[in-house]
>>> print(open('target.cif').read())   # mmCIF, C-alpha atoms
data_entry
#
loop_
_atom_site.label_atom_id
_atom_site.label_comp_id
_atom_site.auth_asym_id
_atom_site.auth_seq_id
_atom_site.Cartn_x
_atom_site.Cartn_y
_atom_site.Cartn_z
CA MET J 1 0.00 0.00 0.00
CA PRO J 2 1.61 3.30 -1.09
CA GLY J 3 2.38 6.07 1.38
CA GLN J 4 0.33 8.58 -0.61
CA THR J 5 -1.75 8.38 -3.73
CA LEU J 6 -3.76 10.73 -5.92
CA LEU J 7 -7.44 9.83 -6.19
CA PRO J 8 -10.44 11.36 -7.95
CA LEU J 9 -13.11 12.09 -5.35
CA PHE J 10 -16.81 11.28 -5.47
CA PRO J 11 -18.52 13.17 -2.61
CA LEU J 12 -21.89 11.77 -1.48
CA PRO J 13 -24.42 13.18 0.99
CA ASP J 14 -25.62 10.01 2.69
CA VAL J 15 -23.28 7.12 1.92
CA VAL J 16 -20.22 5.80 3.74
CA HIS J 17 -18.35 3.11 1.83
CA PHE J 18 -16.41 0.40 3.67
CA PRO J 19 -13.52 -1.78 2.48
CA ARG J 20 -14.43 -5.29 1.35
CA THR J 21 -17.99 -4.28 0.53
CA GLU J 22 -19.79 -3.54 -2.72
CA LEU J 23 -21.29 -0.13 -3.48
CA ARG J 24 -23.70 0.48 -6.35
CA LEU J 25 -24.16 4.06 -7.52
CA HIS J 26 -26.11 5.89 -10.19
CA VAL J 27 -23.90 8.50 -11.88
CA ASN J 28 -25.81 11.34 -13.48
CA GLU J 29 -23.88 14.58 -12.94
CA PRO J 30 -21.77 15.46 -16.03
CA ARG J 31 -18.46 15.79 -14.22
CA TYR J 32 -18.81 12.36 -12.66
CA ARG J 33 -19.88 10.86 -15.97
CA ARG J 34 -16.55 12.19 -17.19
CA LEU J 35 -14.82 10.60 -14.21
CA VAL J 36 -16.28 7.18 -15.02
CA HIS J 37 -15.28 7.57 -18.66
CA ASP J 38 -11.72 8.54 -17.67
CA LEU J 39 -11.42 5.57 -15.34
CA GLU J 40 -12.52 3.19 -18.07
CA GLU J 41 -9.54 4.38 -20.10
CA ARG J 42 -7.12 3.31 -17.35
CA ALA J 43 -5.65 -0.07 -16.49
CA GLU J 44 -7.93 -2.09 -14.22
CA GLU J 45 -5.69 -1.67 -11.17
CA ASP J 46 -5.88 2.13 -11.52
CA ARG J 47 -9.66 2.44 -11.70
CA THR J 48 -10.14 3.76 -8.17
CA ILE J 49 -12.46 6.45 -6.78
CA GLY J 50 -12.27 8.06 -3.35
CA ILE J 51 -15.76 7.92 -1.81
CA VAL J 52 -16.12 10.71 0.73
CA LEU J 53 -19.00 12.17 2.74
CA LEU J 54 -20.28 15.71 2.25
CA LYS J 55 -20.49 17.79 5.41
CA PRO J 56 -23.92 19.01 6.54
CA GLY J 57 -25.02 22.22 4.88
CA TRP J 58 -24.44 21.28 1.26
CA VAL J 59 -27.36 21.99 -1.09
CA GLN J 60 -28.75 19.84 -3.88
CA SER J 61 -27.95 22.39 -6.60
CA TYR J 62 -24.48 23.16 -5.25
CA GLU J 63 -21.78 24.69 -7.38
CA GLY J 64 -18.09 24.49 -6.67
CA ASN J 65 -16.70 22.13 -4.06
CA PRO J 66 -18.71 21.86 -0.82
CA ASP J 67 -16.88 20.76 2.31
CA ILE J 68 -16.21 17.07 2.81
CA PHE J 69 -15.06 14.98 5.76
CA PRO J 70 -11.38 14.04 5.60
CA GLY J 71 -11.77 10.26 5.77
CA GLY J 72 -13.10 7.91 3.13
CA THR J 73 -12.71 4.66 1.25
CA ALA J 74 -11.08 4.00 -2.10
CA GLY J 75 -13.50 2.05 -4.25
CA ARG J 76 -12.26 0.09 -7.25
CA LEU J 77 -14.49 0.38 -10.34
CA MET J 78 -15.64 -3.15 -11.15
CA ASP J 79 -18.53 -2.68 -13.57
CA VAL J 80 -20.19 0.09 -15.60
CA ASP J 81 -23.67 -0.09 -17.11
CA GLU J 82 -24.06 2.88 -19.43
CA LEU J 83 -27.65 4.05 -19.93
CA PRO J 84 -29.25 5.64 -23.03
CA ASP J 85 -29.50 9.08 -21.37
CA GLY J 86 -25.73 9.20 -20.79
CA SER J 87 -25.90 8.34 -17.09
CA ALA J 88 -24.48 5.10 -15.74
CA ASN J 89 -24.88 2.57 -12.98
CA ILE J 90 -21.55 1.55 -11.51
CA LEU J 91 -20.30 -1.06 -9.09
CA LEU J 92 -17.42 -0.33 -6.72
CA TRP J 93 -15.49 -2.71 -4.47
CA GLY J 94 -14.07 -1.18 -1.30
CA ASP J 95 -10.28 -1.34 -1.43
CA PHE J 96 -8.78 0.65 1.48
CA ARG J 97 -9.54 3.41 3.96
CA PHE J 98 -7.76 6.72 3.61
CA GLU J 99 -7.22 10.11 5.21
CA LEU J 100 -7.30 13.13 2.94
CA GLU J 101 -4.01 15.02 2.91
CA ARG J 102 -4.86 17.85 0.51
CA GLU J 103 -7.12 18.58 -2.42
CA CYS J 104 -5.62 19.49 -5.76
CA VAL J 105 -6.86 22.08 -8.22
CA SER J 106 -8.88 19.82 -10.48
CA ILE J 107 -11.26 20.17 -13.41
CA PRO J 108 -13.84 18.87 -14.07
CA TYR J 109 -14.01 16.62 -10.98
CA ARG J 110 -12.28 16.79 -7.61
CA ARG J 111 -8.98 15.09 -6.85
CA ALA J 112 -6.97 14.78 -3.68
CA VAL J 113 -3.75 13.36 -2.35
CA VAL J 114 -4.73 10.77 0.24
CA ARG J 115 -2.87 8.66 2.77
CA PRO J 116 -4.04 5.03 2.86
CA VAL J 117 -4.87 3.71 6.32
CA ALA J 118 -3.98 0.06 6.75
CA GLU J 119 -5.93 -2.18 9.09
CA PRO J 120 -3.90 -3.83 11.85
CA TRP J 121 -3.05 -7.45 11.22
CA LEU J 122 -5.44 -9.83 12.94
CA ASN J 123 -5.10 -13.50 13.76
CA GLU J 124 -8.50 -14.79 12.66
CA GLN J 125 -8.14 -17.68 15.11
CA ASP J 126 -7.38 -15.46 18.10
CA ALA J 127 -9.76 -16.34 20.94
CA GLY J 128 -10.94 -12.73 21.27
CA ILE J 129 -11.68 -12.39 17.55
CA VAL J 130 -13.50 -15.73 17.48
CA LEU J 131 -15.58 -14.71 20.51
CA VAL J 132 -16.62 -11.37 18.98
CA ARG J 133 -17.39 -12.97 15.59
CA ASP J 134 -19.50 -15.72 17.19
CA GLU J 135 -21.49 -13.27 19.30
CA ILE J 136 -22.10 -11.00 16.30
CA LEU J 137 -23.43 -13.95 14.29
CA THR J 138 -25.58 -15.13 17.20
CA LEU J 139 -27.11 -11.66 17.56
CA LEU J 140 -27.72 -11.41 13.82
CA ARG J 141 -29.68 -14.64 13.84
CA SER J 142 -31.63 -13.68 16.95
CA LEU J 143 -32.56 -10.27 15.52
CA ALA J 144 -33.57 -11.88 12.23
CA ASP J 145 -35.88 -14.28 14.08
CA ASP J 146 -37.47 -11.42 16.01
CA LEU J 147 -37.78 -8.90 13.18
CA GLY J 148 -38.55 -11.16 10.25
CA ALA J 149 -38.77 -9.36 6.92
CA ALA J 150 -37.97 -6.04 8.61
CA PHE J 151 -34.44 -7.21 9.40
CA PRO J 152 -32.03 -5.37 7.05
CA LEU J 153 -29.04 -7.71 7.37
CA ARG J 154 -30.34 -10.96 5.90
CA GLU J 155 -27.47 -11.40 3.46
CA GLU J 156 -24.99 -11.21 6.33
CA LEU J 157 -26.60 -14.31 7.86
CA GLY J 158 -24.82 -16.29 5.15
CA LEU J 159 -21.45 -15.36 6.65
CA GLY J 160 -20.23 -18.13 8.90
CA ALA J 161 -17.59 -18.59 11.55
CA ASP J 162 -14.90 -18.99 8.89
CA SER J 163 -15.73 -15.68 7.17
CA PRO J 164 -13.01 -13.02 7.24
CA PHE J 165 -13.58 -10.82 10.27
CA GLU J 166 -13.14 -7.61 8.26
CA GLU J 167 -15.74 -8.65 5.68
CA LEU J 168 -18.27 -9.56 8.37
CA VAL J 169 -17.82 -6.35 10.35
CA ASN J 170 -17.72 -4.04 7.35
CA ARG J 171 -20.74 -5.55 5.61
CA ILE J 172 -22.78 -5.08 8.77
CA ALA J 173 -21.48 -1.53 9.22
CA ALA J 174 -22.44 -0.69 5.64
CA GLU J 175 -26.00 -2.02 6.00
CA LEU J 176 -26.88 -0.95 9.54
CA ASP J 177 -29.69 1.60 9.79
CA VAL J 178 -27.74 4.11 11.86
CA PRO J 179 -27.12 7.82 11.11
CA VAL J 180 -24.55 8.43 8.40
CA LEU J 181 -22.23 10.27 10.80
CA ARG J 182 -22.24 7.21 13.06
CA LYS J 183 -21.17 5.15 10.07
CA LEU J 184 -18.37 7.61 9.41
CA ASP J 185 -17.25 7.15 13.02
CA LEU J 186 -17.22 3.38 12.47
CA LEU J 187 -15.12 3.78 9.34
CA GLY J 188 -12.58 5.83 11.28
CA GLU J 189 -12.09 3.14 13.92
CA PRO J 190 -9.41 0.45 13.61
CA LEU J 191 -10.95 -2.90 12.72
CA PRO J 192 -10.83 -4.46 16.23
CA GLN J 193 -12.62 -1.45 17.72
CA ARG J 194 -15.08 -1.37 14.81
CA GLY J 195 -15.95 -4.97 15.54
CA LEU J 196 -16.62 -4.15 19.19
CA SER J 197 -18.72 -1.15 18.18
CA ILE J 198 -20.83 -3.32 15.86
CA LEU J 199 -21.25 -5.83 18.66
CA SER J 200 -22.38 -3.05 21.02
CA ILE J 201 -24.94 -1.75 18.50
CA LEU J 202 -26.39 -5.21 17.94
CA ARG J 203 -26.53 -5.88 21.67
CA SER J 204 -28.44 -2.63 22.18
CA ARG J 205 -30.94 -3.60 19.48
CA GLN J 206 -31.46 -6.99 21.08
CA GLN J 207 -31.91 -5.44 24.52
CA VAL J 208 -34.67 -3.16 23.21
CA ILE J 209 -36.47 -6.09 21.60
CA ASP J 210 -36.17 -8.12 24.81
CA LEU J 211 -37.61 -5.25 26.85
CA LEU J 212 -40.57 -4.91 24.48
CA ARG J 213 -41.18 -8.63 24.12
CA PRO J 214 -43.78 -8.89 26.94
CA TYR J 215 -45.87 -6.18 25.26
CA ARG J 216 -45.69 -7.31 21.64
CA HIS J 217 -48.95 -9.25 21.92
CA LEU J 218 -50.72 -5.94 22.59
CA ALA J 219 -49.82 -4.57 19.15
CA GLY J 220 -52.64 -6.52 17.52
CA ARG J 221 -55.11 -5.12 20.05
CA SER J 222 -54.27 -1.44 19.48
CA SER J 223 -57.61 -0.92 17.69
CA LEU J 224 -59.34 -1.67 20.98
CA ASN J 225 -57.69 1.28 22.76
#
>>> encode(input="target.cif", output="C-alpha cells")
Amino acid sequence: MPGQTLLPLFPLPDVVHFPRTELRLHVNEPRYRRLVHDLEERAEEDRTIGIVLLKPGWVQSYEGNPDIFPGGTAGRLMDVDELPDGSANILLWGDFRFELERECVSIPYRRAVVRPVAEPWLNEQDAGIVLVRDEILTLLRSLADDLGAAFPLREELGLGADSPFEELVNRIAAELDVPVLRKLDLLGEPLPQRGLSILSILRSRQQVIDLLRPYRHLAGRSSLN
C-alpha cells in the first residue's frame, strides 16, 4: 500500500463506503460521468475512486466544491452499465480506507492526495476475535428471528464462523440503519474497535427487543384502545 496516492473524489451526501464491501451508484452529474469515462480508459488496477461524505449544509444544486469529511474509502471500479441518457450505474469494491491530505486544483471533478490507512493485522483464530465474531453472528440470527422481513441484514446471515472478520464487520457496518455520521465514526475506527462497536450496537438492538417482548402481543389489540 503506497504512502500517498492521488485519487479522484466522489462526494456523497448520505453514503459511507467500507472496504471489502460492494457499493452500487447511479452516476448522473456530467463531471462524474466524465470521471467514469476517464477511469474506463485506465488499467484495471488504476480504476479507483475516493468515496467521501459531504459535510452538513451542502445543497442539492451546489456549485463548486462543498466541504467534505477528511476520511473515506477508495472504491475500485468493477462494472459500468451505461444508460441511453448518458448516465451510468456503476459497481465499486471497497479497497482501502484513507485520510485526505490535501485537495488538488482539479477540473472537471475533484482530486486529492490521500494517505491510505492500513488495518492492523489480525489473527482470525485469536480467541478474542473468534468470541466477537460468534457473538455477532448469534445476535444477527436472533434479531432476524425477532424482526422477520424487517431485518435489514439478511445477506450477512450467510457469513459463517470462517468468514473473514473484516468482511463480516464491514458488511454489517455498511448495512446498519444508523445515522450516516455514526457510520463515518465506524469507518474511522481500527478494525478491532469497529468490531466491538458493531457488537455493542447489535446488543443494544437486542436489549430493546427483549424489553418490548412482553408487550408485543398488545400490538394486535391497538384498535381496541
>>> closest_residue(input="target.cif", among="J:Leu139, J:Ala88, J:Leu181, J:Val114", to="Thr73 (chain J)", atoms="only C-alpha atoms")
J:Val114
>>> resolve_selection(input="target.cif", expression="the PyMOL selection byres ((chain J and resi 78-86) around 9)", output="PDB file with C-alpha atoms, in the frame of the given file")
ATOM      1  CA  ASN J  28     -25.810  11.340 -13.480  1.00  0.00           C
ATOM      2  CA  PRO J  30     -21.770  15.460 -16.030  1.00  0.00           C
ATOM      3  CA  ARG J  33     -19.880  10.860 -15.970  1.00  0.00           C
ATOM      4  CA  VAL J  36     -16.280   7.180 -15.020  1.00  0.00           C
ATOM      5  CA  GLU J  40     -12.520   3.190 -18.070  1.00  0.00           C
ATOM      6  CA  GLU J  44      -7.930  -2.090 -14.220  1.00  0.00           C
ATOM      7  CA  ARG J  47      -9.660   2.440 -11.700  1.00  0.00           C
ATOM      8  CA  GLY J  75     -13.500   2.050  -4.250  1.00  0.00           C
ATOM      9  CA  ARG J  76     -12.260   0.090  -7.250  1.00  0.00           C
ATOM     10  CA  LEU J  77     -14.490   0.380 -10.340  1.00  0.00           C
ATOM     11  CA  SER J  87     -25.900   8.340 -17.090  1.00  0.00           C
ATOM     12  CA  ALA J  88     -24.480   5.100 -15.740  1.00  0.00           C
ATOM     13  CA  ASN J  89     -24.880   2.570 -12.980  1.00  0.00           C
ATOM     14  CA  ILE J  90     -21.550   1.550 -11.510  1.00  0.00           C
ATOM     15  CA  LEU J  91     -20.300  -1.060  -9.090  1.00  0.00           C
ATOM     16  CA  LEU J  92     -17.420  -0.330  -6.720  1.00  0.00           C
ATOM     17  CA  TRP J  93     -15.490  -2.710  -4.470  1.00  0.00           C
TER      18      TRP J  93
END
>>> residues_around(input="target.cif", residues="Phe69 (chain J)", least_positions_apart="3", cutoff="10 Å", atoms="all atoms listed in the file", output="PyMOL selection string")
chain J and resi 11+52-56+72+99-100+181+184
>>> closest_residue(input="target.cif", among="J:Ile51, J:Val132, J:Val113, J:Ile172", to="Thr5 (chain J)", atoms="only C-alpha atoms")
J:Val113
>>> closest_residue(input="target.cif", among="J:Asp67, J:Asp95, J:Asp46, J:Asp146", to="Glu119 (chain J)", atoms="only C-alpha atoms")
J:Asp95
>>> resolve_selection(input="target.cif", expression="the PyMOL selection byres ((chain J and resi 117) around 6)", output="list of chain:residue names")
J:Arg97, J:Phe98, J:Pro116, J:Ala118
>>> write_last_selection(input="target.cif", atoms="C-alpha atoms", output="short mmCIF file (atom, residue, chain, number, x, y, z; two decimals), in the coordinates of the input")
data_model
loop_
_atom_site.label_atom_id
_atom_site.label_comp_id
_atom_site.auth_asym_id
_atom_site.auth_seq_id
_atom_site.Cartn_x
_atom_site.Cartn_y
_atom_site.Cartn_z
CA ARG J 97 -9.54 3.41 3.96
CA PHE J 98 -7.76 6.72 3.61
CA PRO J 116 -4.04 5.03 2.86
CA ALA J 118 -3.98 0.06 6.75
#
>>> closest_residue(input="target.cif", among="J:Thr21, J:Ala150, J:Leu212, J:Asp126", to="Asp177 (chain J)", atoms="all atoms listed in the file")
J:Ala150
>>> atom_distance(input="target.cif", atom1="CA of Pro190 (chain J)", atom2="CA of Cys104 (chain J)")
27.4 Å
>>> atom_distance(input="target.cif", atom1="CA of Pro120 (chain J)", atom2="CA of Leu191 (chain J)")
7.2 Å
>>> atom_distance(input="target.cif", atom1="CA of Leu176 (chain J)", atom2="CA of Glu135 (chain J)")
16.6 Å
